[in-house]
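Dumped upload.txt below, it's compact mmCIF, C-alpha atoms:
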```
# COMPACT_ATOMS: atom_id res chain seq x y z
CA MET A 1 0.00 0.00 0.00
CA ALA A 2 2.88 2.40 0.73
CA ALA A 3 4.14 2.05 -2.85
CA ALA A 4 0.70 2.92 -4.26
CA THR A 5 0.43 5.87 -1.87
CA PHE A 6 3.87 7.07 -2.91
CA ALA A 7 2.99 6.77 -6.61
CA ALA A 8 -0.32 8.64 -6.24
CA VAL A 9 1.25 11.36 -4.11
CA PHE A 10 4.18 11.81 -6.49
CA ILE A 11 1.89 12.11 -9.51
CA ALA A 12 -0.29 14.70 -7.77
CA LEU A 13 2.77 16.70 -6.63
CA TYR A 14 4.34 16.48 -10.09
CA VAL A 15 1.20 17.76 -11.81
CA GLY A 16 0.79 20.43 -9.10
CA HIS A 17 4.38 21.49 -9.66
CA SER A 18 3.85 21.90 -13.39
CA VAL A 19 0.60 23.84 -12.94
CA GLY A 20 1.99 25.99 -10.11
CA ASP A 21 5.28 26.76 -11.85
CA HIS A 22 3.74 27.59 -15.22
CA TRP A 23 0.09 28.64 -14.79
CA VAL A 24 -0.17 29.97 -11.24
CA GLN A 25 3.16 31.81 -11.01
CA SER A 26 2.72 35.42 -12.14
CA SER A 27 4.97 37.06 -14.70
CA CYS A 28 6.09 39.49 -11.99
CA GLN A 29 7.09 36.62 -9.68
CA ALA A 30 8.96 34.88 -12.50
CA ALA A 31 10.81 38.08 -13.41
CA THR A 32 11.70 39.18 -9.88
CA LYS A 33 12.14 36.02 -7.73
CA GLY A 34 15.83 35.84 -8.63
CA LEU A 35 16.61 39.49 -7.85
CA PRO A 36 18.95 40.21 -4.95
CA GLY A 37 17.59 41.39 -1.62
CA TRP A 38 14.10 41.43 -0.23
CA THR A 39 12.43 42.16 -3.56
CA GLY A 40 13.59 38.80 -4.90
CA ARG A 41 13.11 36.90 -1.64
CA LEU A 42 9.51 38.08 -1.26
CA ALA A 43 8.63 37.45 -4.92
CA ASP A 44 10.04 33.95 -4.53
CA ALA A 45 8.08 33.43 -1.30
CA ARG A 46 4.85 34.49 -3.03
CA HIS A 47 5.59 32.11 -5.88
CA VAL A 48 6.28 29.20 -3.50
CA LEU A 49 3.11 29.98 -1.53
CA GLY A 50 1.01 29.82 -4.71
CA LEU A 51 2.85 26.70 -5.83
CA THR A 52 2.32 24.97 -2.49
CA LEU A 53 -1.37 25.88 -2.40
CA THR A 54 -1.72 24.46 -5.92
CA LYS A 55 -0.09 21.20 -4.83
CA VAL A 56 -2.30 20.98 -1.74
CA THR A 57 -5.38 21.65 -3.86
CA LEU A 58 -4.47 18.84 -6.26
CA LEU A 59 -3.26 16.37 -3.63
CA LEU A 60 -6.27 16.69 -1.32
CA PRO A 61 -8.84 15.09 -3.67
CA VAL A 62 -6.32 12.36 -4.58
CA VAL A 63 -5.87 11.49 -0.91
CA LEU A 64 -9.60 11.62 -0.18
CA LEU A 65 -10.93 9.89 -3.30
CA LEU A 66 -8.32 7.14 -3.26
CA ASP A 67 -8.55 6.77 0.53
CA LEU A 68 -4.79 7.09 0.91
CA ARG A 69 -3.33 6.57 4.35
CA VAL A 70 -1.17 9.63 4.99
CA SER A 71 -0.34 11.35 8.26
CA THR A 72 -0.59 15.02 9.04
CA LEU A 73 3.08 14.98 10.05
CA GLY A 74 4.08 13.35 6.75
CA LEU A 75 2.09 15.92 4.77
CA VAL A 76 3.54 18.85 6.70
CA LEU A 77 7.13 17.58 6.47
CA GLY A 78 6.78 16.72 2.78
CA PHE A 79 5.38 20.13 1.91
CA VAL A 80 8.00 21.94 4.00
CA VAL A 81 10.86 20.07 2.30
CA ASP A 82 9.34 20.75 -1.10
CA ALA A 83 8.69 24.45 -0.40
CA VAL A 84 12.11 25.18 1.12
CA THR A 85 14.04 23.45 -1.66
CA HIS A 86 11.90 25.10 -4.33
CA TRP A 87 12.44 28.54 -2.80
CA TRP A 88 16.20 27.90 -2.57
CA ALA A 89 16.54 26.86 -6.22
CA ASP A 90 14.33 29.65 -7.53
CA ARG A 91 16.57 32.34 -6.05
CA ARG A 92 18.59 31.55 -9.21
CA SER A 93 22.03 32.48 -7.85
CA THR A 94 21.86 29.37 -5.65
CA LEU A 95 21.11 27.04 -8.56
CA ALA A 96 23.75 28.79 -10.70
CA TRP A 97 26.22 28.15 -7.85
CA LEU A 98 25.21 24.47 -7.71
CA ALA A 99 25.69 24.21 -11.48
CA LYS A 100 29.13 25.78 -11.14
CA VAL A 101 30.37 23.50 -8.34
CA THR A 102 29.11 20.41 -10.21
CA GLY A 103 30.74 21.42 -13.50
CA LYS A 104 27.46 22.29 -15.22
CA SER A 105 28.00 26.03 -15.83
CA GLU A 106 28.17 25.68 -19.61
CA PHE A 107 24.97 23.64 -19.68
CA TYR A 108 23.34 26.12 -17.28
CA SER A 109 23.98 28.94 -19.78
CA LEU A 110 22.76 26.92 -22.80
CA GLY A 111 20.04 28.77 -24.72
CA THR A 112 20.94 32.17 -23.25
CA PRO A 113 23.01 35.05 -24.64
CA ALA A 114 25.81 34.03 -22.24
CA HIS A 115 26.37 30.77 -24.12
CA GLN A 116 28.76 30.76 -27.10
CA ALA A 117 26.10 29.04 -29.25
CA ALA A 118 23.24 31.34 -28.26
CA PRO A 119 20.12 31.07 -30.42
CA ALA A 120 19.97 33.90 -32.94
CA THR A 121 17.41 35.41 -35.28
CA ALA A 122 18.06 35.66 -39.04
CA ALA A 123 19.22 39.22 -38.39
CA GLY A 124 21.77 38.01 -35.86
CA GLY A 125 20.04 39.17 -32.66
CA TYR A 126 19.29 36.96 -29.67
CA ALA A 127 16.27 34.71 -30.16
CA PRO A 128 14.68 34.03 -26.77
CA THR A 129 13.80 30.41 -26.15
CA LEU A 130 11.99 28.42 -23.52
CA GLY A 131 14.57 25.66 -23.70
CA THR A 132 17.52 26.76 -21.59
CA GLY A 133 19.98 24.75 -19.58
CA ALA A 134 19.06 26.77 -16.50
CA TYR A 135 15.39 25.80 -16.93
CA ALA A 136 16.24 22.11 -17.43
CA LEU A 137 18.47 22.06 -14.33
CA ASP A 138 15.82 23.97 -12.35
CA GLN A 139 13.08 21.51 -13.24
CA SER A 140 15.19 18.42 -12.63
CA PHE A 141 16.25 19.82 -9.23
CA HIS A 142 12.59 20.31 -8.34
CA HIS A 143 11.69 16.80 -9.54
CA VAL A 144 14.26 15.20 -7.21
CA TRP A 145 12.75 17.07 -4.26
CA LEU A 146 9.20 16.16 -5.35
CA LEU A 147 10.32 12.55 -5.14
CA VAL A 148 11.73 13.11 -1.65
CA ALA A 149 8.56 14.94 -0.57
CA ALA A 150 6.36 12.11 -1.88
CA LEU A 151 8.49 9.55 -0.02
CA ILE A 152 8.11 11.55 3.18
CA VAL A 153 4.34 11.88 2.75
CA ALA A 154 3.97 8.16 2.01
CA ALA A 155 6.36 6.87 4.68
CA VAL A 156 5.87 9.14 7.71
```
Encoding of this model in structure tokens:
Amino acid sequence: MAAATFAAVFIALYVGHSVGDHWVQSSCQAATKGLPGWTGRLADARHVLGLTLTKVTLLLPVVLLLDLRVSTLGLVLGFVVDAVTHWWADRRSTLAWLAKVTGKSEFYSLGTPAHQAAPATAAGGYAPTLGTGAYALDQSFHHVWLLVAALIVAAV
């Protein structure tokens, strides 16, 4: 039963993450959450609050309708781990630092003007793209912590 609970919780958190990161997050939060100081910290906190509420909203019916056995402590700990790690990564300088110390700086800059093979328009200007190395590393970092959060929710 724990494996089924883990699987259902992970799926709900994964979908909630995608919805919260892409539909719920405001353009202002996305643009300012990586800024230095309190402006960035507070924008990131607002983003993580909306993201967490989205995940709770999606997980609650899954738990109730599937009659999953989860504890309040497991839910709280899982959501805290998820929220704290998401906030940390979305400060941007922290994830850039992690990419640097793991030898992933070039990949982190892929798809941006900082990369030597930056995407360009026919006229030679920068062509913005959704597919950047920073985005891929950001999402994979979040996915690892969604897995950890789901394990906590299912096992505690």
The residue from A:Gly50, A:Gly133, A:Gly103, A:Gly74 with the smallest atom-to-atom distance to A:His115, counting all atoms listed in the file, is A:Gly133
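Shortest separation to A:Lys55 among A:Thr102, A:Asp138, A:Gly20, A:Thr132 occurs at residue A:Gly20, atoms counted being only C-alpha atoms.
When all atoms listed in the file are used to measure the gap to A:Tyr126, the shortest distance among A:Gly40, A:Pro113, A:Gly34, A:Gly16 belongs to A:Pro113.
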Excluding same-chain residues fewer than 5 positions from A:Leu151, what lies within 9 Å of it counting only C-alpha atoms, as a PDB file with C-alpha atoms, keeping the file's coordinate frame?
```pdb
ATOM      1  CA  PHE A   6       3.870   7.070  -2.910  1.00  0.00           C
ATOM      2  CA  VAL A   9       1.250  11.360  -4.110  1.00  0.00           C
ATOM      3  CA  PHE A  10       4.180  11.810  -6.490  1.00  0.00           C
ATOM      4  CA  GLY A  74       4.080  13.350   6.750  1.00  0.00           C
ATOM      5  CA  GLY A  78       6.780  16.720   2.780  1.00  0.00           C
ATOM      6  CA  LEU A 146       9.200  16.160  -5.350  1.00  0.00           C
ATOM      7  CA  VAL A 156       5.870   9.140   7.710  1.00  0.00           C
TER       8      VAL A 156
END
```
Compute the distance from (4.3, 14.9, -11.1) to each atom, counting all atoms listed in the file, keep the residues with any atom at most 12 Å away, and return them as a tab-separated table (two decimals) with C-alpha atoms, in the coordinates of the input; use the coordinates of the file.
```tsv
chain	number	residue	atom	x	y	z
A	6	PHE	CA	3.87	7.07	-2.91
A	7	ALA	CA	2.99	6.77	-6.61
A	8	ALA	CA	-0.32	8.64	-6.24
A	9	VAL	CA	1.25	11.36	-4.11
A	10	PHE	CA	4.18	11.81	-6.49
A	11	ILE	CA	1.89	12.11	-9.51
A	12	ALA	CA	-0.29	14.70	-7.77
A	13	LEU	CA	2.77	16.70	-6.63
A	14	TYR	CA	4.34	16.48	-10.09
A	15	VAL	CA	1.20	17.76	-11.81
A	16	GLY	CA	0.79	20.43	-9.10
A	17	HIS	CA	4.38	21.49	-9.66
A	18	SER	CA	3.85	21.90	-13.39
A	19	VAL	CA	0.60	23.84	-12.94
A	20	GLY	CA	1.99	25.99	-10.11
A	21	ASP	CA	5.28	26.76	-11.85
A	55	LYS	CA	-0.09	21.20	-4.83
A	58	LEU	CA	-4.47	18.84	-6.26
A	59	LEU	CA	-3.26	16.37	-3.63
A	139	GLN	CA	13.08	21.51	-13.24
A	140	SER	CA	15.19	18.42	-12.63
A	142	HIS	CA	12.59	20.31	-8.34
A	143	HIS	CA	11.69	16.80	-9.54
A	144	VAL	CA	14.26	15.20	-7.21
A	145	TRP	CA	12.75	17.07	-4.26
A	146	LEU	CA	9.20	16.16	-5.35
A	147	LEU	CA	10.32	12.55	-5.14
A	149	ALA	CA	8.56	14.94	-0.57
A	150	ALA	CA	6.36	12.11	-1.88
```
inquiry  = Using all atoms listed in the file, which protein or nucleic acid residues come within 9 Å of A:Leu95? Drop anything in the same chain fewer than 6 positions from it, and give the result as a ChimeraX atom specification.
reply    = /A:88-89,134,137-138,141
Selected residues written out with C-alpha atoms, as an mmCIF file, keeping the file's coordinate frame:
```
data_model
loop_
_atom_site.group_PDB
_atom_site.id
_atom_site.type_symbol
_atom_site.label_atom_id
_atom_site.label_comp_id
_atom_site.auth_asym_id
_atom_site.auth_seq_id
_atom_site.Cartn_x
_atom_site.Cartn_y
_atom_site.Cartn_z
ATOM 1 C CA TRP A 88 16.200 27.900 -2.570
ATOM 2 C CA ALA A 89 16.540 26.860 -6.220
ATOM 3 C CA ALA A 134 19.060 26.770 -16.500
ATOM 4 C CA LEU A 137 18.470 22.060 -14.330
ATOM 5 C CA ASP A 138 15.820 23.970 -12.350
ATOM 6 C CA PHE A 141 16.250 19.820 -9.230
#
```
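In this comparison, which uses all atoms listed in the file, the residue of A:Met1, A:Val76, A:Leu66, A:Arg91 approaching A:Lys33 most closely is A:Arg91.
Across A:Ala114, A:Pro119, A:Phe107, A:Arg92, the tightest approach to A:Leu35 is made by A:Arg92 when counting all atoms listed in the file.
From atom CA of A:Asp44 back to atom CA of A:Thr94, the distance works out to 12.7 Å.
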Return as AutoDock Vina command-line options the box centre and box size in Å, one decimal, for an axis-aligned box around all listed atoms of stretch 126-140 of chain A padded by 5 Å per side.
```
--center_x 16.0 --center_y 27.7 --center_z -21.3 --size_x 18.0 --size_y 28.5 --size_z 27.8
```
note - atom CA of A:Arg46 and atom CA of A:Gln29 are separated by 7.3 Å
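Minimum distance to A:Ala2 across A:Tyr108, A:Val84, A:Asp90, A:Val70 (counting all atoms listed in the file) occurs at A:Val70.
The gap separating atom CA of A:Thr5 from atom CA of A:Ser71 is 11.5 Å, in Å to one decimal.
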